[in-house]
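start.cif follows (mmCIF, C-alpha atoms):
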```
data_target
#
loop_
_atom_site.label_atom_id
_atom_site.label_comp_id
_atom_site.auth_asym_id
_atom_site.auth_seq_id
_atom_site.Cartn_x
_atom_site.Cartn_y
_atom_site.Cartn_z
CA MET A 1 -12.16 -4.69 21.57
CA VAL A 2 -8.51 -4.90 22.54
CA ASP A 3 -7.15 -8.43 22.90
CA ALA A 4 -4.89 -8.55 25.97
CA ALA A 5 -2.92 -11.46 24.50
CA ASP A 6 -2.21 -9.44 21.35
CA SER A 7 -1.01 -6.51 23.44
CA ALA A 8 1.32 -8.76 25.44
CA LEU A 9 2.75 -10.27 22.24
CA ILE A 10 3.30 -6.82 20.74
CA GLU A 11 5.07 -5.57 23.87
CA SER A 12 7.30 -8.66 23.96
CA THR A 13 8.09 -8.25 20.25
CA LEU A 14 9.15 -4.67 20.83
CA LYS A 15 11.47 -5.89 23.60
CA GLY A 16 13.14 -8.21 21.07
CA ASP A 17 11.24 -11.47 21.55
CA GLU A 18 11.21 -13.12 18.13
CA GLY A 19 8.95 -15.95 19.33
CA ALA A 20 6.30 -13.44 20.40
CA PHE A 21 6.21 -11.95 16.93
CA ALA A 22 5.96 -15.44 15.39
CA GLU A 23 2.95 -16.10 17.63
CA LEU A 24 1.35 -12.79 16.60
CA VAL A 25 1.85 -13.72 12.92
CA ARG A 26 0.36 -17.15 13.59
CA ARG A 27 -2.77 -15.55 15.05
CA TYR A 28 -3.44 -13.36 12.03
CA GLN A 29 -1.83 -15.09 9.06
CA ALA A 30 -5.01 -16.93 8.01
CA ALA A 31 -7.02 -13.67 7.94
CA VAL A 32 -4.25 -11.84 6.07
CA TRP A 33 -3.86 -14.75 3.65
CA GLY A 34 -7.62 -14.75 2.95
CA THR A 35 -7.79 -11.02 2.26
CA VAL A 36 -4.69 -11.12 0.07
CA HIS A 37 -6.07 -14.06 -1.88
CA ARG A 38 -9.49 -12.46 -2.42
CA ILE A 39 -8.19 -9.03 -3.38
CA LEU A 40 -5.19 -10.09 -5.47
CA GLY A 41 -6.64 -13.32 -6.85
CA ASN A 42 -5.09 -16.75 -6.75
CA THR A 43 -1.58 -15.87 -7.85
CA SER A 44 1.81 -17.35 -7.06
CA ASP A 45 2.80 -14.04 -5.42
CA ASN A 46 0.39 -14.43 -2.51
CA GLU A 47 2.88 -16.05 -0.17
CA ASP A 48 5.33 -13.21 -0.73
CA ALA A 49 2.50 -10.74 -0.24
CA VAL A 50 1.57 -12.20 3.15
CA GLN A 51 5.20 -12.12 4.20
CA GLU A 52 5.61 -8.51 3.09
CA VAL A 53 2.46 -7.45 4.98
CA PHE A 54 3.88 -8.82 8.23
CA MET A 55 7.29 -7.29 7.52
CA ARG A 56 5.61 -3.91 7.15
CA ALA A 57 3.66 -4.52 10.34
CA TYR A 58 6.87 -5.36 12.20
CA THR A 59 8.64 -2.25 10.90
CA ALA A 60 5.74 -0.04 12.04
CA LEU A 61 4.97 -1.92 15.26
CA HIS A 62 6.58 0.72 17.45
CA LYS A 63 3.94 3.17 16.17
CA PHE A 64 1.04 0.88 17.03
CA ASP A 65 -1.26 2.24 19.74
CA LEU A 66 -2.02 -0.53 22.22
CA ARG A 67 -5.35 1.10 23.13
CA TYR A 68 -6.74 -0.14 19.79
CA PRO A 69 -7.23 -3.71 18.50
CA PHE A 70 -4.53 -5.20 16.31
CA GLY A 71 -6.94 -6.83 13.79
CA PRO A 72 -8.15 -3.66 12.01
CA TRP A 73 -4.57 -2.34 11.95
CA ILE A 74 -3.15 -5.39 10.19
CA LEU A 75 -6.20 -5.40 7.88
CA ARG A 76 -5.39 -1.84 6.88
CA ILE A 77 -1.75 -2.70 6.14
CA THR A 78 -2.96 -5.70 4.11
CA THR A 79 -5.46 -3.65 2.13
CA ASN A 80 -2.96 -0.89 1.39
CA TYR A 81 -0.40 -3.43 0.25
CA CYS A 82 -2.92 -5.19 -2.02
CA ILE A 83 -4.08 -1.90 -3.58
CA ASP A 84 -0.42 -1.02 -4.31
CA GLN A 85 0.11 -4.42 -5.91
CA LEU A 86 -3.03 -4.10 -8.06
CA ARG A 87 -1.84 -0.72 -9.32
CA ARG A 88 1.53 -2.23 -10.27
CA ARG A 89 -0.16 -5.24 -11.84
CA LYS A 90 -2.09 -2.94 -14.20
CA GLY A 91 1.24 -1.92 -15.62
CA ARG A 92 2.21 -5.56 -16.11
CA LYS A 93 -1.14 -6.28 -17.86
CA VAL A 94 -1.79 -9.46 -15.93
CA LYS A 95 -5.31 -10.58 -16.73
CA LEU A 96 -6.65 -13.69 -15.10
CA TRP A 97 -9.53 -13.71 -17.55
CA SER A 98 -7.21 -13.97 -20.52
CA GLU A 99 -5.62 -17.04 -18.97
CA LEU A 100 -8.83 -18.93 -19.71
CA GLY A 101 -9.46 -20.44 -23.11
CA GLU A 102 -12.30 -19.04 -25.21
CA TYR A 103 -14.45 -22.12 -24.69
CA GLU A 104 -13.91 -21.97 -20.93
CA GLN A 105 -14.76 -18.25 -20.90
CA GLU A 106 -18.02 -18.80 -22.76
CA LYS A 107 -19.05 -21.78 -20.66
CA LEU A 108 -18.44 -20.00 -17.39
CA LEU A 109 -20.18 -16.81 -18.49
CA LYS A 110 -23.19 -18.75 -19.68
CA ASP A 111 -23.42 -20.66 -16.43
CA LEU A 112 -22.93 -17.60 -14.31
CA SER A 113 -25.65 -15.73 -16.20
CA HIS A 114 -28.13 -18.45 -15.21
CA VAL A 115 -27.21 -18.51 -11.54
CA ASN A 116 -29.94 -17.49 -9.16
CA ASP A 117 -30.33 -17.61 -5.39
CA GLN A 118 -31.32 -21.25 -5.43
CA ASP A 119 -29.12 -22.92 -8.01
CA SER A 120 -25.98 -20.98 -7.05
CA ARG A 121 -25.83 -23.42 -4.14
CA GLY A 122 -25.50 -26.22 -6.66
CA MET A 123 -22.56 -24.85 -8.60
CA ASN A 124 -20.56 -27.80 -9.78
CA ASP A 125 -17.44 -25.83 -10.65
CA PRO A 126 -16.79 -23.40 -7.78
CA GLU A 127 -13.16 -22.92 -8.77
CA GLY A 128 -14.22 -22.02 -12.29
CA TYR A 129 -16.76 -19.52 -11.00
CA ALA A 130 -14.18 -18.07 -8.68
CA ARG A 131 -11.92 -17.53 -11.69
CA VAL A 132 -14.74 -15.75 -13.53
CA ALA A 133 -15.38 -13.68 -10.44
CA GLN A 134 -11.70 -12.80 -10.15
CA ALA A 135 -11.59 -12.01 -13.86
CA LEU A 136 -14.51 -9.60 -13.50
CA LEU A 137 -12.89 -8.03 -10.43
CA ASP A 138 -9.64 -7.75 -12.36
CA GLY A 139 -11.00 -4.86 -14.40
CA LEU A 140 -12.10 -2.83 -11.39
CA ASN A 141 -10.30 0.15 -9.94
CA PRO A 142 -8.10 -1.31 -7.13
CA LYS A 143 -9.84 0.78 -4.46
CA TYR A 144 -13.30 -0.39 -5.58
CA ARG A 145 -12.10 -3.97 -5.76
CA ALA A 146 -10.71 -3.91 -2.23
CA ALA A 147 -13.90 -2.28 -0.92
CA PHE A 148 -16.05 -4.87 -2.68
CA VAL A 149 -14.07 -7.82 -1.32
CA LEU A 150 -14.10 -6.49 2.24
CA ARG A 151 -17.83 -5.70 2.22
CA GLU A 152 -19.37 -8.37 0.02
CA VAL A 153 -17.05 -11.36 0.24
CA GLU A 154 -15.69 -10.95 3.76
CA GLU A 155 -19.01 -9.48 4.97
CA ARG A 156 -17.39 -6.76 7.04
CA ASN A 157 -19.49 -3.80 8.15
CA TYR A 158 -18.91 -0.37 6.62
CA ASP A 159 -17.08 0.89 9.68
CA GLU A 160 -14.47 -1.86 9.29
CA VAL A 161 -14.28 -1.32 5.53
CA ALA A 162 -13.74 2.41 6.03
CA LYS A 163 -10.96 1.80 8.58
CA ALA A 164 -9.25 -0.73 6.31
CA LEU A 165 -9.34 1.71 3.40
CA GLY A 166 -8.37 4.67 5.55
CA THR A 167 -11.42 6.61 4.47
CA SER A 168 -14.83 7.75 5.73
CA GLU A 169 -17.80 5.42 5.94
CA VAL A 170 -19.60 7.43 3.27
CA ALA A 171 -16.63 7.05 0.91
CA ALA A 172 -16.51 3.31 1.64
CA ARG A 173 -20.20 3.02 0.75
CA VAL A 174 -19.63 4.93 -2.49
CA ARG A 175 -16.76 2.61 -3.46
CA VAL A 176 -18.78 -0.54 -2.80
CA SER A 177 -21.74 0.85 -4.73
CA ARG A 178 -19.54 1.77 -7.71
CA ALA A 179 -17.88 -1.63 -7.64
CA ARG A 180 -21.29 -3.30 -7.87
CA ALA A 181 -22.35 -1.07 -10.76
CA GLU A 182 -19.03 -1.58 -12.60
CA LEU A 183 -19.24 -5.34 -12.23
CA GLN A 184 -22.71 -5.36 -13.75
CA LYS A 185 -21.52 -3.16 -16.61
CA LYS A 186 -18.58 -5.45 -17.36
CA PHE A 187 -20.69 -8.55 -17.10
CA ARG A 188 -23.22 -7.14 -19.57
CA ALA A 189 -20.38 -6.29 -21.93
CA TYR A 190 -19.07 -9.87 -21.71
CA LEU A 191 -22.54 -11.25 -22.28
CA SER A 192 -23.23 -9.04 -25.26
CA GLY A 193 -19.91 -10.13 -26.79
CA LEU A 194 -20.90 -13.74 -26.15
CA LYS A 195 -24.32 -13.31 -27.78
CA THR A 196 -22.77 -11.64 -30.81
CA ARG A 197 -20.38 -14.57 -31.24
CA GLU A 198 -23.26 -17.06 -30.87
CA ARG A 199 -25.28 -15.24 -33.54
CA ARG A 200 -22.32 -15.29 -35.93
CA GLN A 201 -21.83 -19.00 -35.35
CA ASN A 202 -25.50 -19.75 -36.01
CA GLN A 203 -25.57 -17.83 -39.28
CA MET B 1 -42.31 3.16 -4.79
CA SER B 2 -39.12 1.14 -5.09
CA ASN B 3 -36.52 2.11 -7.62
CA CYS B 4 -33.02 1.18 -8.72
CA ASN B 5 -31.44 3.68 -6.29
CA GLU B 6 -32.41 1.43 -3.39
CA PHE B 7 -30.37 -1.49 -4.69
CA ASP B 8 -27.41 -0.84 -2.36
CA LYS B 9 -29.63 -0.49 0.71
CA TYR B 10 -31.33 -3.74 -0.27
CA ARG B 11 -28.00 -5.45 -0.76
CA ASP B 12 -26.68 -4.17 2.58
CA GLY B 13 -29.85 -5.23 4.41
CA GLU B 14 -30.73 -1.67 5.36
CA LEU B 15 -34.35 -1.60 4.16
CA SER B 16 -37.32 -2.06 6.47
CA PRO B 17 -39.36 -5.26 5.95
CA ALA B 18 -42.00 -3.32 3.98
CA GLU B 19 -39.38 -1.56 1.82
CA ARG B 20 -37.60 -4.87 1.26
CA SER B 21 -40.78 -6.54 0.13
CA ALA B 22 -41.51 -3.65 -2.26
CA PHE B 23 -37.97 -3.82 -3.66
CA GLU B 24 -38.24 -7.55 -4.23
CA LYS B 25 -41.28 -6.86 -6.43
CA HIS B 26 -39.19 -4.28 -8.26
CA LEU B 27 -36.51 -6.93 -8.87
CA THR B 28 -38.99 -9.06 -10.81
CA VAL B 29 -39.70 -6.28 -13.28
CA CYS B 30 -36.34 -4.47 -13.46
CA ASP B 31 -33.88 -6.33 -15.66
CA ASP B 32 -30.92 -4.20 -14.50
CA CYS B 33 -31.43 -4.79 -10.78
CA GLY B 34 -32.40 -8.45 -11.29
CA THR B 35 -29.24 -9.19 -13.29
CA LYS B 36 -27.08 -7.28 -10.86
CA ARG B 37 -28.41 -9.26 -7.91
CA VAL B 38 -27.85 -12.60 -9.66
CA LEU B 39 -24.35 -11.62 -10.76
CA LEU B 40 -23.31 -10.41 -7.32
CA ASN B 41 -24.72 -13.52 -5.65
CA GLY B 42 -22.74 -15.65 -8.10
CA ILE B 43 -19.47 -13.76 -7.59
CA VAL B 44 -19.75 -13.65 -3.83
CA TYR B 45 -20.79 -17.29 -3.54
CA ALA B 46 -17.98 -18.45 -5.83
CA MET B 47 -15.36 -16.44 -3.94
CA GLN B 48 -16.58 -17.58 -0.56
CA GLN B 49 -16.55 -21.21 -1.63
CA GLU B 50 -13.03 -21.05 -2.96
CA LYS B 51 -10.65 -22.97 -0.76
CA ILE B 52 -7.75 -20.98 0.59
CA ASN B 53 -4.91 -22.96 2.05
CA PRO B 54 -2.69 -20.69 4.08
CA VAL B 55 0.83 -21.92 4.62
CA ASP B 56 2.23 -21.49 8.13
CA ARG B 57 5.22 -19.19 7.69
CA ALA B 58 5.05 -17.53 11.10
CA ASP B 59 8.50 -18.65 12.31
CA LEU B 60 10.17 -17.81 9.00
CA ILE B 61 8.52 -14.38 8.85
CA ALA B 62 9.54 -13.58 12.43
CA ARG B 63 13.12 -14.71 11.80
CA GLN B 64 13.35 -12.57 8.66
CA ALA B 65 11.77 -9.56 10.35
CA PHE B 66 14.29 -9.69 13.20
CA SER B 67 17.30 -10.29 10.94
CA ARG B 68 16.23 -7.44 8.68
CA SER B 69 15.82 -5.08 11.63
CA ASN B 70 19.44 -5.76 12.71
CA SER B 71 20.96 -5.23 9.27
CA TRP B 72 22.88 -2.05 8.44
CA ASP B 73 20.39 -0.94 5.76
CA ALA B 74 17.52 -1.19 8.25
CA LEU B 75 19.50 1.00 10.64
CA VAL B 76 19.99 3.56 7.86
CA VAL B 77 16.28 3.46 7.07
CA SER B 78 15.45 3.84 10.76
CA TRP B 79 17.53 7.02 10.70
CA LEU B 80 15.32 8.29 7.91
CA ARG B 81 12.41 8.62 10.32
CA PRO B 82 11.23 12.24 10.48
CA GLY B 83 12.62 13.10 13.94
CA PRO B 84 16.20 11.86 13.65
CA ALA B 85 16.40 12.88 9.99
CA LEU B 86 15.40 16.48 10.78
CA ALA B 87 17.83 16.64 13.70
CA ALA B 88 20.68 15.37 11.47
CA LEU B 89 19.76 17.90 8.78
CA ALA B 90 19.70 20.76 11.29
CA LEU B 91 23.11 19.73 12.64
CA MET B 92 24.58 19.62 9.14
CA LEU B 93 23.15 23.06 8.34
CA VAL B 94 24.72 24.51 11.48
CA LEU B 95 28.11 23.00 10.58
CA PHE B 96 27.98 24.20 6.98
CA SER B 97 26.85 27.69 7.93
CA PHE B 98 29.74 27.93 10.44
CA LEU B 99 32.25 26.96 7.78
CA TRP B 100 30.63 29.38 5.35
CA ILE B 101 30.73 32.32 7.77
CA VAL B 102 34.47 31.93 8.59
CA PRO B 103 36.03 33.75 5.62
CA GLU B 104 38.99 32.35 3.84
CA ASN B 105 41.15 35.45 4.46
CA GLN B 106 41.01 34.81 8.17
CA GLN B 107 43.53 32.10 7.61
CA ILE B 108 46.64 33.67 9.09
CA ASN B 109 49.95 33.52 7.30
CA ALA B 110 53.01 35.72 7.17
CA TYR B 111 51.81 37.72 4.19
CA SER B 112 48.36 38.49 5.56
CA GLU B 113 49.94 39.54 8.86
CA TYR B 114 52.30 41.82 6.94
CA GLU B 115 49.38 43.35 5.06
CA ARG B 116 47.50 43.94 8.32
CA LEU B 117 50.52 45.71 9.84
CA MET B 118 51.07 47.81 6.75
CA ASP B 119 47.42 48.87 6.64
CA GLY B 120 47.68 50.26 10.15
CA THR B 121 50.95 52.07 9.55
CA VAL B 122 51.59 55.40 7.92
CA SER B 123 54.39 55.10 5.40
CA SER B 124 56.28 58.09 6.86
CA ASP B 125 56.64 56.22 10.13
CA LEU B 126 58.86 53.75 8.38
CA ASP B 127 62.48 54.53 7.73
CA MET B 128 62.65 51.97 5.03
CA SER B 129 61.22 51.54 1.61
CA ILE B 130 58.10 49.39 1.33
CA PRO B 131 58.81 46.33 -0.72
CA GLN B 132 56.46 45.12 -3.39
CA ALA B 133 56.23 41.66 -1.85
CA ASN B 134 53.68 39.57 -3.70
CA ASN B 135 53.95 36.50 -1.57
CA ASP B 136 55.42 35.07 1.58
CA ILE B 137 58.68 34.01 -0.06
CA GLU B 138 59.41 37.47 -1.44
CA LEU B 139 58.57 38.99 1.92
CA VAL B 140 60.85 36.62 3.84
CA LEU B 141 63.66 37.29 1.38
CA TRP B 142 63.20 41.03 1.84
CA LEU B 143 63.08 40.77 5.64
CA ASN B 144 66.29 38.73 5.58
CA GLN B 145 67.88 41.24 3.29
CA GLU B 146 66.97 44.10 5.62
CA GLY B 147 68.22 42.24 8.66
CA TYR B 148 64.81 41.61 10.20
CA SER B 149 65.25 37.92 10.32
CA GLN B 150 65.17 36.41 13.76
#
```
Spit out the file's structure as structure tokens when you get a sec.
Amino acid sequence: MVDAADSALIESTLKGDEGAFAELVRRYQAAVWGTVHRILGNTSDNEDAVQEVFMRAYTALHKFDLRYPFGPWILRITTNYCIDQLRRRKGRKVKLWSELGEYEQEKLLKDLSHVNDQDSRGMNDPEGYARVAQALLDGLNPKYRAAFVLREVEERNYDEVAKALGTSEVAARVRVSRARAELQKKFRAYLSGLKTRERRQNQ
Amino acid sequence: MSNCNEFDKYRDGELSPAERSAFEKHLTVCDDCGTKRVLLNGIVYAMQQEKINPVDRADLIARQAFSRSNSWDALVVSWLRPGPALAALALMLVLFSFLWIVPENQQINAYSEYERLMDGTVSSDLDMSIPQANNDIELVLWLNQEGYSQ
């Protein structure tokens, strides 16, 4: 659904109205910020990332087709940017998980392994769980991670996920499915490491 | 009969009520699917609960976008768009090929003109000896000597 106000702001921006572009940014910055934060994790680079996403959008605005809604378009730019950043981050070996102390890692893994549908509502350390979640996501292929965040965390339908990733709906489903399977695999590996350590300590 | 392959359909809410009910029974006996469900619920819940505090940078972003678009490097980059870049390349190719095609020896000087005249002239037509002029200076000296100077 095309938003007439968005179209008017885009047209004014293209005519050189800086205020119109500021208003367009204001309309979408919370959504972009949320996606950046969930895909990249809570890092100090997020503010720069949001800024860069809108800079890219501005540079490409003359190519934007006003017959389509602006939301999916900016989501696609955001997702592409985040995937690029995750690929670069792999080279820098940034691991959120490793930022936690060993005790904190064990505590959070133990707690998370006992979460079920009911008691997950009573989590007393949501920030800690979010860090575990981000740590587990950290090891995923960037494309799987982005697909997982868009589908599971942001609860977007597969059509939206596919458009954001620039792929088919079938490919989007495959990525989400693989992300789920990979997360389980990593979690089991963490747990088995934890149990081994516990056994050694008890001996 | 439910099996692990239906996990994604269950997760995405794409099973019929009967299939869903059957899969939920499967979850109670399948450790893999049960753990996966608990883990995913935990991750998703934790991430959704996390507070995100966006900072309003709309005015700053707009100002930077407009100042960047007016800078000389942005203009250069804008020229790198496929259309203008191809047109510039084609123009350069035409210019270079023109310069390449015009041979060096078409540059006219006194010596080349002399050579052209001599090529078209039979030596017997001349009542003078042909000098062995190797360059313009020698030729001019010879012409002066023979009284051909203007």
Residues matched by the PyMOL selection byres ((chain B and resi 19) around 12) as a compact mmCIF listing (two decimals) with C-alpha atoms, in the frame of the given file:
```txt
# COMPACT_ATOMS: atom_id res chain seq x y z
CA MET B 1 -42.31 3.16 -4.79
CA SER B 2 -39.12 1.14 -5.09
CA ASN B 3 -36.52 2.11 -7.62
CA GLU B 6 -32.41 1.43 -3.39
CA PHE B 7 -30.37 -1.49 -4.69
CA LYS B 9 -29.63 -0.49 0.71
CA TYR B 10 -31.33 -3.74 -0.27
CA GLY B 13 -29.85 -5.23 4.41
CA GLU B 14 -30.73 -1.67 5.36
CA LEU B 15 -34.35 -1.60 4.16
CA SER B 16 -37.32 -2.06 6.47
CA PRO B 17 -39.36 -5.26 5.95
CA ALA B 18 -42.00 -3.32 3.98
CA ARG B 20 -37.60 -4.87 1.26
CA SER B 21 -40.78 -6.54 0.13
CA ALA B 22 -41.51 -3.65 -2.26
CA PHE B 23 -37.97 -3.82 -3.66
CA GLU B 24 -38.24 -7.55 -4.23
CA LYS B 25 -41.28 -6.86 -6.43
CA HIS B 26 -39.19 -4.28 -8.26
```
Item to check | Neighbours of chain A in chain B at 6 Å, counting all atoms listed in the file, as a list in words | outcome: Lys36, Val38, Ile43, Val44, Ala46, Met47, Pro54, Ala58, Asp59, Ala62 and Ala65 of chain B
Item to check | Target residues per the PyMOL selection byres ((chain A and resi 69) around 6), formatted as a list in words | outcome: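 In the shown coordinates, the PyMOL selection byres ((chain A and resi 69) around 6) covers Met1, Val2, Tyr68, Phe70 and Gly71 of chain A.
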Checklist entry - atom CA of A:Leu75 and atom CA of A:Ala164, how far apart in Å? => result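 Between these atoms lies a distance of 5.8 Å.
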Checklist outcome for this item: From atom CA of A:Thr79 to atom CA of A:Val36 the spacing works out at 7.8 Å
Checklist entry - Which distance in Å separates atom CA of A:His62 and atom CA of A:Pro142, to one decimal? => result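 It comes out at 28.7 Å.
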